[in-house]
file run.cif (mmCIF, C-alpha atoms)
data_work
#
loop_
_atom_site.label_atom_id
_atom_site.label_comp_id
_atom_site.auth_asym_id
_atom_site.auth_seq_id
_atom_site.Cartn_x
_atom_site.Cartn_y
_atom_site.Cartn_z
CA MET A 1076 103.73 -114.52 -100.00
CA LEU A 1077 102.96 -118.25 -100.07
CA GLN A 1078 104.53 -118.77 -96.65
CA ASP A 1079 102.70 -115.75 -95.22
CA PHE A 1080 99.44 -117.09 -96.64
CA GLN A 1081 99.93 -120.52 -95.12
CA LYS A 1082 100.98 -119.01 -91.77
CA PHE A 1083 97.90 -116.76 -91.69
CA VAL A 1084 95.60 -119.69 -92.47
CA ARG A 1085 97.25 -121.82 -89.79
CA GLU A 1086 97.26 -119.15 -87.07
CA ASN A 1087 93.59 -118.31 -87.65
CA GLY A 1088 92.48 -121.92 -88.10
CA LEU A 1089 90.68 -121.08 -91.34
CA PHE A 1090 90.67 -124.61 -92.76
CA GLN A 1091 92.36 -127.99 -92.62
CA LYS A 1092 94.47 -129.53 -95.37
CA LYS A 1093 91.72 -132.12 -95.95
CA ASP A 1094 88.98 -129.49 -96.45
CA ARG A 1095 87.42 -128.54 -99.77
CA ILE A 1096 87.11 -124.77 -100.22
CA LEU A 1097 84.94 -122.87 -102.69
CA LEU A 1098 86.77 -119.77 -103.93
CA ALA A 1099 84.84 -116.67 -105.00
CA VAL A 1100 86.88 -115.44 -107.98
CA SER A 1101 85.90 -112.26 -109.80
CA GLY A 1102 88.85 -112.18 -112.20
CA GLY A 1103 90.52 -109.29 -110.40
CA VAL A 1104 94.10 -109.59 -109.24
CA ASP A 1105 93.15 -110.24 -105.60
CA SER A 1106 90.99 -113.30 -106.20
CA VAL A 1107 93.19 -114.68 -108.99
CA VAL A 1108 96.25 -114.55 -106.72
CA MET A 1109 94.21 -116.19 -103.95
CA ALA A 1110 93.33 -119.05 -106.29
CA ASN A 1111 97.00 -119.56 -107.15
CA LEU A 1112 97.99 -119.59 -103.47
CA PHE A 1113 95.38 -122.27 -102.75
CA TRP A 1114 96.65 -124.30 -105.70
CA GLU A 1115 100.28 -123.98 -104.60
CA SER A 1116 99.25 -125.05 -101.08
CA GLY A 1117 97.68 -128.20 -102.46
CA VAL A 1118 94.20 -127.47 -101.10
CA ALA A 1119 91.19 -129.07 -102.79
CA MET A 1120 89.12 -126.25 -104.23
CA GLY A 1121 86.37 -125.18 -106.56
CA ILE A 1122 86.18 -121.83 -108.35
CA ALA A 1123 82.93 -119.85 -108.45
CA HIS A 1124 82.24 -116.79 -110.58
CA CYS A 1125 79.24 -114.45 -110.61
CA ASN A 1126 78.45 -112.55 -113.80
CA PHE A 1127 76.36 -109.61 -112.65
CA GLN A 1128 75.84 -108.44 -116.25
CA LEU A 1129 76.61 -104.83 -115.36
CA ARG A 1130 79.53 -104.10 -117.70
CA GLY A 1131 78.54 -105.70 -120.98
CA ALA A 1132 81.43 -107.32 -122.85
CA ALA A 1133 83.77 -106.67 -119.92
CA SER A 1134 81.64 -108.91 -117.68
CA GLU A 1135 81.76 -111.68 -120.26
CA ALA A 1136 85.55 -111.32 -120.54
CA ASP A 1137 85.85 -111.65 -116.75
CA ALA A 1138 83.91 -114.91 -116.84
CA THR A 1139 86.05 -116.24 -119.67
CA LEU A 1140 89.28 -115.49 -117.80
CA VAL A 1141 88.04 -117.17 -114.60
CA GLU A 1142 86.85 -120.26 -116.49
CA LYS A 1143 90.27 -120.52 -118.14
CA LEU A 1144 91.95 -120.15 -114.73
CA ALA A 1145 89.82 -122.97 -113.29
CA GLY A 1146 90.93 -125.18 -116.16
CA GLU A 1147 94.60 -124.39 -115.62
CA LEU A 1148 94.31 -125.12 -111.88
CA GLU A 1149 92.22 -128.25 -112.54
CA ALA A 1150 89.44 -126.97 -110.27
CA PRO A 1151 85.67 -127.45 -110.73
CA PHE A 1152 84.14 -124.29 -112.22
CA HIS A 1153 80.81 -122.85 -111.09
CA LEU A 1154 79.23 -119.99 -113.06
CA THR A 1155 76.01 -118.04 -112.72
CA HIS A 1156 74.45 -114.97 -114.36
CA PHE A 1157 72.39 -112.43 -112.43
CA GLU A 1158 69.95 -109.76 -113.59
CA THR A 1159 71.39 -107.45 -110.95
CA THR A 1160 69.83 -104.18 -112.11
CA ARG A 1161 66.38 -105.72 -112.21
CA THR A 1162 66.82 -107.25 -108.75
CA ALA A 1163 67.96 -103.92 -107.29
CA SER A 1164 65.03 -102.05 -108.83
CA LYS A 1165 62.50 -104.65 -107.70
CA GLY A 1166 63.83 -104.67 -104.14
CA GLY A 1167 64.33 -100.91 -103.89
CA ILE A 1168 68.02 -101.34 -103.00
CA SER A 1169 71.31 -100.21 -104.50
CA ILE A 1170 73.09 -102.12 -107.26
CA GLN A 1171 75.94 -102.89 -104.87
CA MET A 1172 73.60 -104.23 -102.19
CA ALA A 1173 71.72 -106.36 -104.71
CA ALA A 1174 74.98 -107.79 -106.09
CA ARG A 1175 76.20 -108.61 -102.58
CA GLN A 1176 72.98 -110.40 -101.61
CA LEU A 1177 72.83 -112.36 -104.86
CA ARG A 1178 76.47 -113.33 -104.64
CA TYR A 1179 76.48 -114.67 -101.08
CA GLU A 1180 73.16 -116.50 -101.43
CA TRP A 1181 74.38 -118.27 -104.56
CA LEU A 1182 77.80 -119.06 -103.09
CA GLU A 1183 76.17 -120.67 -100.06
CA GLN A 1184 73.96 -122.79 -102.34
CA GLN A 1185 77.02 -123.93 -104.28
CA ARG A 1186 78.89 -124.69 -101.06
CA ILE A 1187 76.10 -126.95 -99.87
CA THR A 1188 75.42 -128.73 -103.15
CA GLY A 1189 79.13 -129.08 -103.92
CA ASN A 1190 79.95 -130.37 -100.44
CA TYR A 1191 82.52 -127.63 -99.75
CA ASP A 1192 83.62 -126.88 -96.20
CA ALA A 1193 83.91 -123.10 -96.55
CA ILE A 1194 83.72 -120.17 -98.96
CA ALA A 1195 86.86 -118.06 -99.42
CA THR A 1196 86.73 -114.44 -100.55
CA ALA A 1197 89.78 -112.38 -101.50
CA HIS A 1198 89.35 -109.35 -99.22
CA HIS A 1199 92.80 -108.05 -98.33
CA LEU A 1200 94.28 -105.79 -95.66
CA ASP A 1201 93.66 -102.57 -97.58
CA ASP A 1202 89.97 -103.55 -97.90
CA SER A 1203 89.87 -103.94 -94.13
CA ILE A 1204 91.42 -100.49 -93.60
CA GLU A 1205 88.91 -98.93 -96.00
CA THR A 1206 86.06 -100.63 -94.13
CA LEU A 1207 87.32 -99.25 -90.82
CA LEU A 1208 87.46 -95.70 -92.23
CA TYR A 1209 84.05 -96.05 -93.87
CA ASN A 1210 82.41 -97.28 -90.68
CA PHE A 1211 84.12 -94.59 -88.62
CA ALA A 1212 82.86 -91.89 -90.99
CA LYS A 1213 79.30 -93.25 -91.01
CA GLY A 1214 79.20 -93.88 -87.25
CA CYS A 1215 79.71 -97.16 -85.43
CA GLY A 1216 80.69 -98.77 -82.17
CA LEU A 1217 83.88 -100.63 -81.38
CA HIS A 1218 82.64 -103.63 -83.38
CA GLY A 1219 82.67 -101.51 -86.54
CA LEU A 1220 86.31 -100.53 -86.12
CA HIS A 1221 87.91 -103.95 -86.42
CA GLY A 1222 87.78 -103.89 -90.20
CA ILE A 1223 86.69 -107.02 -92.04
CA PRO A 1224 86.47 -110.17 -89.88
CA VAL A 1225 88.67 -113.12 -90.82
CA ARG A 1226 85.72 -115.51 -90.51
CA GLN A 1227 81.94 -115.11 -90.66
CA GLY A 1228 80.16 -118.42 -90.42
CA LYS A 1229 81.21 -120.44 -93.45
CA ILE A 1230 82.94 -117.46 -95.09
CA ILE A 1231 86.70 -117.16 -94.64
CA ARG A 1232 89.07 -114.40 -95.77
CA PRO A 1233 92.57 -115.85 -96.05
CA MET A 1234 94.03 -112.79 -97.84
CA LEU A 1235 93.58 -110.32 -94.98
CA PHE A 1236 97.27 -110.55 -94.16
CA ALA A 1237 98.36 -108.91 -97.45
CA HIS A 1238 98.38 -105.35 -98.73
CA LYS A 1239 97.16 -104.69 -102.27
CA GLU A 1240 100.65 -103.65 -103.37
CA ALA A 1241 102.11 -106.99 -102.31
CA ILE A 1242 99.36 -108.87 -104.15
CA ILE A 1243 100.04 -106.95 -107.36
CA HIS A 1244 103.80 -107.56 -107.03
CA TYR A 1245 103.18 -111.30 -106.57
CA ALA A 1246 100.97 -111.40 -109.68
CA GLU A 1247 103.52 -109.51 -111.77
CA ALA A 1248 106.40 -111.71 -110.58
CA GLY A 1249 104.48 -114.85 -111.49
CA ALA A 1250 103.01 -113.47 -114.72
CA ILE A 1251 99.51 -114.22 -113.37
CA ALA A 1252 96.82 -112.86 -115.65
CA SER A 1253 93.92 -110.87 -114.20
CA ARG A 1254 91.38 -108.22 -115.18
CA GLU A 1255 90.62 -104.86 -113.57
CA ASP A 1256 87.08 -103.64 -112.96
CA GLN A 1257 87.10 -100.04 -114.22
CA SER A 1258 84.24 -99.13 -111.84
CA ASN A 1259 86.79 -99.38 -109.01
CA LYS A 1260 88.19 -96.06 -110.22
CA GLU A 1261 84.89 -94.17 -110.02
CA ASP A 1262 84.56 -91.70 -107.15
CA LYS A 1263 80.76 -92.12 -106.91
CA TYR A 1264 81.26 -95.13 -104.60
CA ALA A 1265 82.21 -94.20 -101.03
CA ARG A 1266 84.85 -96.91 -100.68
CA ASN A 1267 86.50 -95.88 -103.92
CA TYR A 1268 86.63 -92.29 -102.68
CA ILE A 1269 88.29 -93.44 -99.47
CA ARG A 1270 90.81 -95.51 -101.45
CA GLN A 1271 91.70 -92.76 -103.92
CA HIS A 1272 91.49 -89.62 -101.77
CA VAL A 1273 91.20 -90.25 -98.03
CA ILE A 1274 94.00 -92.78 -97.63
CA PRO A 1275 96.47 -90.76 -99.74
CA ALA A 1276 95.68 -87.71 -97.57
CA LEU A 1277 96.38 -89.73 -94.44
CA GLU A 1278 99.60 -91.06 -95.97
CA ALA A 1279 100.68 -87.46 -96.50
CA ILE A 1280 100.50 -87.08 -92.71
CA ASN A 1281 101.95 -90.50 -91.97
CA PRO A 1282 103.76 -92.23 -94.85
CA ALA A 1283 103.45 -95.52 -92.96
CA PHE A 1284 99.69 -95.08 -92.48
CA ARG A 1285 98.73 -98.50 -93.88
CA GLU A 1286 101.08 -100.31 -91.50
CA THR A 1287 99.88 -98.11 -88.64
CA ALA A 1288 96.25 -98.83 -89.52
CA ALA A 1289 96.94 -102.57 -89.64
CA SER A 1290 98.47 -102.38 -86.15
CA ASN A 1291 95.48 -100.37 -84.94
CA ILE A 1292 93.10 -103.00 -86.30
CA ARG A 1293 94.93 -105.67 -84.29
CA ARG A 1294 94.73 -103.54 -81.13
CA LEU A 1295 91.07 -102.76 -81.71
CA LYS A 1296 90.31 -106.47 -82.08
CA GLU A 1297 91.97 -107.07 -78.71
CA ALA A 1298 90.01 -104.18 -77.18
CA GLU A 1299 86.85 -105.62 -78.68
CA TYR A 1300 87.59 -108.97 -77.08
CA LEU A 1301 88.06 -107.30 -73.69
CA MET A 1302 84.88 -105.25 -74.14
CA ASP A 1303 82.83 -108.35 -75.02
CA TRP A 1304 84.18 -110.05 -71.91
CA ALA A 1305 83.28 -107.06 -69.72
CA VAL A 1306 79.82 -106.77 -71.29
CA ALA A 1307 79.14 -110.43 -70.51
CA GLN A 1308 80.46 -110.15 -66.96
CA LEU A 1309 78.43 -107.05 -66.13
CA LYS A 1310 75.34 -108.64 -67.64
CA LYS A 1311 75.66 -111.38 -65.02
CA ASP A 1312 75.82 -108.74 -62.27
CA LEU A 1313 73.14 -106.33 -63.47
CA THR A 1314 70.54 -108.59 -65.07
CA GLU A 1315 68.63 -111.73 -64.25
CA THR A 1316 66.13 -114.02 -65.93
CA ASP A 1317 62.75 -114.39 -64.22
CA SER A 1318 60.67 -117.54 -63.88
CA GLU A 1319 59.03 -116.90 -67.27
CA GLY A 1320 62.35 -116.59 -69.07
CA ARG A 1321 62.22 -112.80 -69.45
CA LEU A 1322 65.34 -110.68 -69.07
CA ARG A 1323 65.23 -108.19 -66.18
CA ILE A 1324 67.71 -105.30 -66.14
CA ASN A 1325 68.39 -103.32 -62.96
CA LEU A 1326 68.26 -99.89 -64.58
CA GLU A 1327 69.12 -97.94 -61.45
CA ARG A 1328 72.31 -99.92 -60.91
CA LEU A 1329 73.13 -99.79 -64.62
CA ARG A 1330 72.96 -95.98 -64.57
CA GLN A 1331 75.87 -95.99 -62.13
CA GLU A 1332 78.16 -97.54 -64.75
CA LYS A 1333 80.25 -95.13 -66.82
CA ALA A 1334 79.58 -97.15 -69.97
CA ALA A 1335 75.86 -97.62 -69.29
CA PRO A 1336 74.63 -96.70 -72.83
CA THR A 1337 77.06 -99.14 -74.43
CA LEU A 1338 76.20 -101.92 -71.99
CA LEU A 1339 72.46 -101.53 -72.54
CA TYR A 1340 72.89 -101.43 -76.31
CA GLU A 1341 75.14 -104.49 -76.42
CA TRP A 1342 72.76 -106.52 -74.23
CA LEU A 1343 69.73 -105.61 -76.33
CA LYS A 1344 71.25 -105.29 -79.81
CA PRO A 1345 70.13 -108.82 -80.83
CA TYR A 1346 66.51 -107.71 -80.36
CA GLY A 1347 66.69 -104.86 -82.89
CA PHE A 1348 66.47 -101.87 -80.55
CA HIS A 1349 68.07 -98.62 -81.75
CA ALA A 1350 70.88 -97.11 -79.69
CA ALA A 1351 69.25 -93.64 -79.59
CA SER A 1352 65.94 -95.02 -78.28
CA LEU A 1353 67.72 -97.09 -75.63
CA ALA A 1354 69.74 -94.06 -74.53
CA ARG A 1355 66.53 -92.06 -74.16
CA LEU A 1356 64.99 -94.79 -72.05
CA LEU A 1357 68.17 -95.07 -69.98
CA HIS A 1358 68.07 -91.37 -69.13
CA SER A 1359 64.30 -91.22 -68.55
CA THR A 1360 63.36 -89.71 -65.19
CA ALA A 1361 60.45 -92.12 -64.83
CA ARG A 1362 60.71 -95.21 -62.63
CA THR A 1363 57.58 -96.91 -63.97
CA GLY A 1364 55.50 -97.02 -67.11
CA ALA A 1365 57.83 -96.16 -70.00
CA MET A 1366 57.75 -98.62 -72.89
CA LEU A 1367 60.04 -99.18 -75.89
CA CYS A 1368 58.97 -101.40 -78.78
CA GLY A 1369 61.31 -103.16 -81.19
CA PRO A 1370 60.58 -105.41 -84.18
CA ALA A 1371 59.48 -108.38 -82.05
CA HIS A 1372 60.13 -107.38 -78.43
CA ARG A 1373 59.28 -104.58 -76.01
CA LEU A 1374 60.93 -103.12 -72.95
CA LEU A 1375 58.73 -102.21 -69.99
CA LEU A 1376 60.00 -99.99 -67.17
CA ASN A 1377 58.61 -101.05 -63.80
CA ARG A 1378 59.98 -99.69 -60.51
CA GLY A 1379 63.48 -99.18 -61.86
CA ILE A 1380 63.59 -102.55 -63.60
CA LEU A 1381 63.58 -102.95 -67.39
CA LEU A 1382 61.67 -106.05 -68.41
CA LEU A 1383 62.27 -107.52 -71.87
CA ASP A 1384 59.21 -109.25 -73.25
CA PHE A 1385 57.82 -110.40 -76.59
CA LEU A 1386 55.45 -108.07 -78.39
CA PRO A 1387 51.91 -109.41 -78.38
CA ASP A 1388 51.25 -111.82 -81.23
CA PRO A 1389 49.57 -109.73 -83.94
CA GLU A 1390 47.30 -112.67 -84.72
CA SER A 1391 45.95 -112.77 -81.18
CA GLU A 1392 46.41 -109.25 -79.80
CA THR A 1393 47.27 -106.02 -81.62
CA MET A 1394 47.13 -103.60 -78.71
CA LEU A 1395 49.64 -101.92 -76.45
CA HIS A 1396 48.11 -101.17 -73.05
CA ILE A 1397 48.81 -97.79 -71.46
CA ALA A 1398 48.42 -97.72 -67.70
CA PRO A 1399 47.64 -94.51 -65.75
CA GLY A 1400 50.81 -92.52 -65.12
CA THR A 1401 52.70 -93.92 -68.13
CA PRO A 1402 55.06 -91.09 -69.20
CA GLU A 1403 55.84 -92.31 -72.71
CA VAL A 1404 55.69 -95.20 -75.14
CA ILE A 1405 58.53 -95.49 -77.65
CA LEU A 1406 57.68 -97.21 -80.94
CA PRO A 1407 59.72 -97.94 -84.11
CA GLY A 1408 58.20 -94.89 -85.88
CA GLY A 1409 58.26 -92.42 -82.99
CA ARG A 1410 57.01 -92.02 -79.46
CA PHE A 1411 53.93 -90.96 -77.49
CA GLU A 1412 54.30 -88.68 -74.47
CA PHE A 1413 51.54 -88.63 -71.86
CA LYS A 1414 50.89 -85.80 -69.39
CA THR A 1415 47.93 -84.87 -67.22
CA GLY A 1416 46.88 -81.59 -65.71
CA LEU A 1417 44.63 -78.58 -66.18
CA PRO A 1418 43.33 -77.74 -69.68
CA PRO A 1419 45.33 -75.06 -71.54
CA ASP A 1420 43.91 -71.56 -72.04
CA VAL A 1421 44.55 -71.78 -75.78
CA PHE A 1422 44.57 -74.88 -77.95
CA GLY A 1423 47.13 -74.94 -80.74
CA LYS A 1424 46.66 -76.32 -84.23
CA ASN A 1425 49.26 -79.06 -83.98
CA ASN A 1426 47.51 -82.30 -85.03
CA ASN A 1427 50.25 -84.29 -83.32
CA ILE A 1428 49.06 -83.04 -79.91
CA ALA A 1429 45.72 -84.12 -78.49
CA TYR A 1430 44.01 -82.69 -75.39
CA LEU A 1431 41.49 -85.28 -74.22
CA ASN A 1432 38.88 -85.45 -71.49
CA LEU A 1433 39.73 -88.82 -70.00
CA ALA A 1434 38.35 -90.21 -66.78
CA PRO A 1435 40.15 -92.75 -64.57
CA THR A 1436 37.67 -95.38 -65.78
CA ASP A 1437 38.88 -94.88 -69.37
CA TYR A 1438 42.19 -96.54 -68.45
CA PRO A 1439 44.10 -98.56 -69.40
CA LEU A 1440 44.26 -96.84 -72.76
CA ARG A 1441 45.22 -98.93 -75.76
CA LEU A 1442 47.31 -98.19 -78.85
CA ARG A 1443 46.72 -100.17 -81.98
CA HIS A 1444 46.62 -99.88 -85.77
CA TRP A 1445 43.51 -99.37 -87.88
CA GLN A 1446 41.26 -102.32 -88.69
CA PRO A 1447 38.43 -102.45 -91.27
CA GLY A 1448 35.15 -101.34 -89.72
CA ASP A 1449 36.68 -98.95 -87.16
CA THR A 1450 34.56 -95.83 -86.55
CA PHE A 1451 34.76 -92.74 -84.38
CA GLN A 1452 33.02 -89.37 -83.93
CA PRO A 1453 35.33 -86.70 -85.39
CA LEU A 1454 35.55 -83.45 -83.44
CA GLY A 1455 33.30 -80.84 -85.01
CA MET A 1456 30.82 -83.25 -86.61
CA GLN A 1457 28.24 -82.98 -83.78
CA GLY A 1458 28.43 -86.63 -82.82
CA LYS A 1459 28.13 -88.11 -86.31
CA GLN A 1460 29.90 -91.40 -86.85
CA GLN A 1461 32.61 -91.72 -89.51
CA LYS A 1462 34.49 -94.73 -90.69
CA ILE A 1463 38.21 -94.26 -90.23
CA GLN A 1464 38.63 -95.70 -93.72
CA ASP A 1465 36.63 -92.70 -95.03
CA LEU A 1466 38.88 -90.31 -93.07
CA PHE A 1467 41.90 -91.92 -94.69
CA SER A 1468 40.31 -91.63 -98.13
CA ASN A 1469 39.44 -87.96 -97.62
CA LEU A 1470 43.03 -87.28 -96.63
CA LYS A 1471 44.27 -89.32 -99.62
CA LEU A 1472 46.53 -91.49 -97.47
CA SER A 1473 48.46 -94.24 -99.21
CA ARG A 1474 48.18 -97.84 -98.11
CA PHE A 1475 51.57 -97.54 -96.42
CA GLU A 1476 50.58 -94.37 -94.59
CA LYS A 1477 47.38 -96.02 -93.36
CA SER A 1478 49.37 -98.92 -91.93
CA THR A 1479 51.53 -96.57 -89.83
CA VAL A 1480 48.66 -94.60 -88.22
CA TRP A 1481 48.07 -95.33 -84.54
CA LEU A 1482 44.66 -95.32 -82.90
CA LEU A 1483 44.28 -94.47 -79.22
CA GLU A 1484 41.24 -96.00 -77.59
CA THR A 1485 39.80 -96.31 -74.10
CA ALA A 1486 39.46 -99.45 -72.01
CA ASP A 1487 35.94 -100.01 -73.36
CA GLY A 1488 37.06 -99.73 -76.99
CA ARG A 1489 36.04 -96.16 -77.89
CA ILE A 1490 38.53 -94.51 -80.24
CA CYS A 1491 39.49 -91.13 -78.78
CA TRP A 1492 42.27 -90.10 -81.16
CA VAL A 1493 43.43 -91.00 -84.63
CA ALA A 1494 46.99 -89.98 -83.80
CA GLY A 1495 48.27 -87.06 -85.83
CA LEU A 1496 44.92 -86.63 -87.64
CA ARG A 1497 41.70 -86.13 -85.65
CA THR A 1498 40.39 -86.36 -82.09
CA ASP A 1499 36.96 -87.68 -81.09
CA GLU A 1500 34.04 -85.40 -80.14
CA ARG A 1501 33.21 -87.53 -77.11
CA PHE A 1502 36.53 -86.67 -75.46
CA ARG A 1503 36.74 -82.94 -76.18
CA ILE A 1504 37.75 -80.60 -73.38
CA GLN A 1505 34.83 -78.77 -71.79
CA SER A 1506 34.57 -76.03 -69.16
CA LYS A 1507 33.85 -78.58 -66.44
CA THR A 1508 36.61 -81.00 -67.51
CA ALA A 1509 38.47 -82.26 -64.45
CA HIS A 1510 40.86 -84.72 -66.05
CA CYS A 1511 42.77 -83.32 -69.03
CA ALA A 1512 45.28 -85.58 -70.74
CA LYS A 1513 47.85 -84.05 -73.08
CA ILE A 1514 49.18 -86.68 -75.50
CA GLU A 1515 51.83 -85.88 -78.08
CA TRP A 1516 52.88 -88.04 -81.02
CA ILE A 1517 56.52 -87.31 -81.87
CA ARG A 1518 57.53 -88.90 -85.13
CA GLN A 1519 61.02 -90.32 -85.55
CA VAL A 1520 62.92 -88.29 -88.13
#

call {"tool": "encode", "arguments": {"input": "run.cif", "output": "structure tokens"}}
result
Amino acid sequence: MLQDFQKFVRENGLFQKKDRILLAVSGGVDSVVMANLFWESGVAMGIAHCNFQLRGAASEADATLVEKLAGELEAPFHLTHFETTRTASKGGISIQMAARQLRYEWLEQQRITGNYDAIATAHHLDDSIETLLYNFAKGCGLHGLHGIPVRQGKIIRPMLFAHKEAIIHYAEAGAIASREDQSNKEDKYARNYIRQHVIPALEAINPAFRETAASNIRRLKEAEYLMDWAVAQLKKDLTETDSEGRLRINLERLRQEKAAPTLLYEWLKPYGFHAASLARLLHSTARTGAMLCGPAHRLLLNRGILLLDFLPDPESETMLHIAPGTPEVILPGGRFEFKTGLPPDVFGKNNNIAYLNLAPTDYPLRLRHWQPGDTFQPLGMQGKQQKIQDLFSNLKLSRFEKSTVWLLETADGRICWVAGLRTDERFRIQSKTAHCAKIEWIRQV
């Protein structure tokens, strides 16, 4: 195994002989064997252990074993204790997610302060196979099928060449002491279920499944490389950057590509747009007016061109402008659809649909969130003014719910619809109404 380890490190350029590496050692057989392989290779190293205080005396015993190992290997020992349960509860995240965040943040701090060149974790080939199966089951693109990457920034994974069985055999042959986390046997964790049930079922079909999966991971990595190359090449052909530095995508030409949804997603993934929303925009029949908003950017459709732009700075402008003829505006929480025509014979009771009497001079409409002091004239109150804050209070909306409500207002600042709640009396449909706008708020489920 030592030769395989050194070959894997060399072929993947994980570190140089002169580098100092910080090893994340839990006390389990994987990380303990990794530490011994580093020691046998003569690499300068430090050993770091996180006590998540989740398993009582067992957690303390893990820390004791790792500290003893560091002494035997004459490596600096770094130890920390986390209140993991409290962190998870405070952040509203799972115990596993909290432990992961705490672990990697602390390891990076130790790397910097200890002047280490990289952080090594002991993920092995079986971990990578489990990750592939987990991602496949949950849904992912090609990037999610390559298993665990060998390198991510300053994090390296020099054990990805080895199966778990080989690691255990190496530990037994060398009488290397380790501890087993009993939670790894519990089916309540998805990865444990895959390890204990899914992989054995696949091995019943193909006894050499692990070797087959490892070969597939290598092929998928090569396919991923080719896909990334093609995505970059087609981006050069189908996009351009305008004089203001904004990305322009030729949507009509993009639609001719067989992999158009994937191309659009890969180009715009760094900006936080969801694949489903991008696919909807891609297949929109409109040539102008559609808008899609992400966390910090928006996409505007104008004459068959998608223009990527920054969202307005919330400190200077909080409004999204809706020009006449805009078919829809897609937002992180849902989308607005705009249609014009004759008034309906019967009005339904769906608060997410508004029929408004809007004149051409009322455009461009504007979408924004509520601000203190906003008022409108609720339909049915004979023109009486009401603070929107009072409407929220009457409906017993939480602070979070208030922050997600959209207001639709005219060009001169009159609020015509508190989306999903109430329309304004001034814009009600009358018998002589000539311009009826049907606007629907479709929440993202």

call {"tool": "resolve_selection", "arguments": {"input": "run.cif", "expression": "the PyMOL selection byres ((chain A and resi 1479-1490) around 9)", "output": "list in words"}}
result
His1396, Gly1408, Leu1433, Thr1436, Asp1437, Tyr1438, Pro1439, Leu1440, Arg1441, Leu1442, Arg1443, His1444, Trp1445, Asp1449, Thr1450, Phe1451, Gln1452, Phe1475, Glu1476, Lys1477, Ser1478, Cys1491, Trp1492, Val1493, Ala1494, Gly1495, Leu1496, Thr1498 and Asp1499 of chain A

call {"tool": "write_last_selection", "arguments": {"input": "run.cif", "atoms": "C-alpha atoms", "output": "PDB file, in the coordinates of the input"}}
result
ATOM      1  CA  HIS A1396      48.110-101.170 -73.050  1.00  0.00           C
ATOM      2  CA  GLY A1408      58.200 -94.890 -85.880  1.00  0.00           C
ATOM      3  CA  LEU A1433      39.730 -88.820 -70.000  1.00  0.00           C
ATOM      4  CA  THR A1436      37.670 -95.380 -65.780  1.00  0.00           C
ATOM      5  CA  ASP A1437      38.880 -94.880 -69.370  1.00  0.00           C
ATOM      6  CA  TYR A1438      42.190 -96.540 -68.450  1.00  0.00           C
ATOM      7  CA  PRO A1439      44.100 -98.560 -69.400  1.00  0.00           C
ATOM      8  CA  LEU A1440      44.260 -96.840 -72.760  1.00  0.00           C
ATOM      9  CA  ARG A1441      45.220 -98.930 -75.760  1.00  0.00           C
ATOM     10  CA  LEU A1442      47.310 -98.190 -78.850  1.00  0.00           C
ATOM     11  CA  ARG A1443      46.720-100.170 -81.980  1.00  0.00           C
ATOM     12  CA  HIS A1444      46.620 -99.880 -85.770  1.00  0.00           C
ATOM     13  CA  TRP A1445      43.510 -99.370 -87.880  1.00  0.00           C
ATOM     14  CA  ASP A1449      36.680 -98.950 -87.160  1.00  0.00           C
ATOM     15  CA  THR A1450      34.560 -95.830 -86.550  1.00  0.00           C
ATOM     16  CA  PHE A1451      34.760 -92.740 -84.380  1.00  0.00           C
ATOM     17  CA  GLN A1452      33.020 -89.370 -83.930  1.00  0.00           C
ATOM     18  CA  PHE A1475      51.570 -97.540 -96.420  1.00  0.00           C
ATOM     19  CA  GLU A1476      50.580 -94.370 -94.590  1.00  0.00           C
ATOM     20  CA  LYS A1477      47.380 -96.020 -93.360  1.00  0.00           C
ATOM     21  CA  SER A1478      49.370 -98.920 -91.930  1.00  0.00           C
ATOM     22  CA  CYS A1491      39.490 -91.130 -78.780  1.00  0.00           C
ATOM     23  CA  TRP A1492      42.270 -90.100 -81.160  1.00  0.00           C
ATOM     24  CA  VAL A1493      43.430 -91.000 -84.630  1.00  0.00           C
ATOM     25  CA  ALA A1494      46.990 -89.980 -83.800  1.00  0.00           C
ATOM     26  CA  GLY A1495      48.270 -87.060 -85.830  1.00  0.00           C
ATOM     27  CA  LEU A1496      44.920 -86.630 -87.640  1.00  0.00           C
ATOM     28  CA  THR A1498      40.390 -86.360 -82.090  1.00  0.00           C
ATOM     29  CA  ASP A1499      36.960 -87.680 -81.090  1.00  0.00           C
TER      30      ASP A1499
END

call {"tool": "atom_distance", "arguments": {"input": "run.cif", "atom1": "CA of Ala1150 in chain A", "atom2": "CA of Trp1114 in chain A"}}
result
8.9 Å

call {"tool": "atom_distance", "arguments": {"input": "run.cif", "atom1": "CA of Asn1432 in chain A", "atom2": "CA of Gln1464 in chain A"}}
result
24.5 Å

call {"tool": "closest_residue", "arguments": {"input": "run.cif", "among": "A:Arg1226, A:Arg1328, A:Arg1518, A:Lys1462", "to": "Thr1196 in chain A", "atoms": "only C-alpha atoms"}}
result
A:Arg1226

call {"tool": "closest_residue", "arguments": {"input": "run.cif", "among": "A:Arg1503, A:His1124, A:Lys1344, A:Arg1362", "to": "Asp1137 in chain A", "atoms": "all atoms listed in the file"}}
result
A:His1124

call {"tool": "axis_aligned_box", "arguments": {"input": "run.cif", "around": "range 1151-1161 of chain A", "padding_each_side": "4 Å", "output": "lines of an AutoDock Vina configuration file"}}
result
center_x = 76.0
center_y = -115.8
center_z = -112.5
size_x = 27.3
size_y = 31.3
size_z = 11.6

call {"tool": "closest_residue", "arguments": {"input": "run.cif", "among": "A:Asp1192, A:Glu1135, A:Glu1142, A:Glu1412", "to": "Met1120 in chain A", "atoms": "all atoms listed in the file"}}
result
A:Asp1192
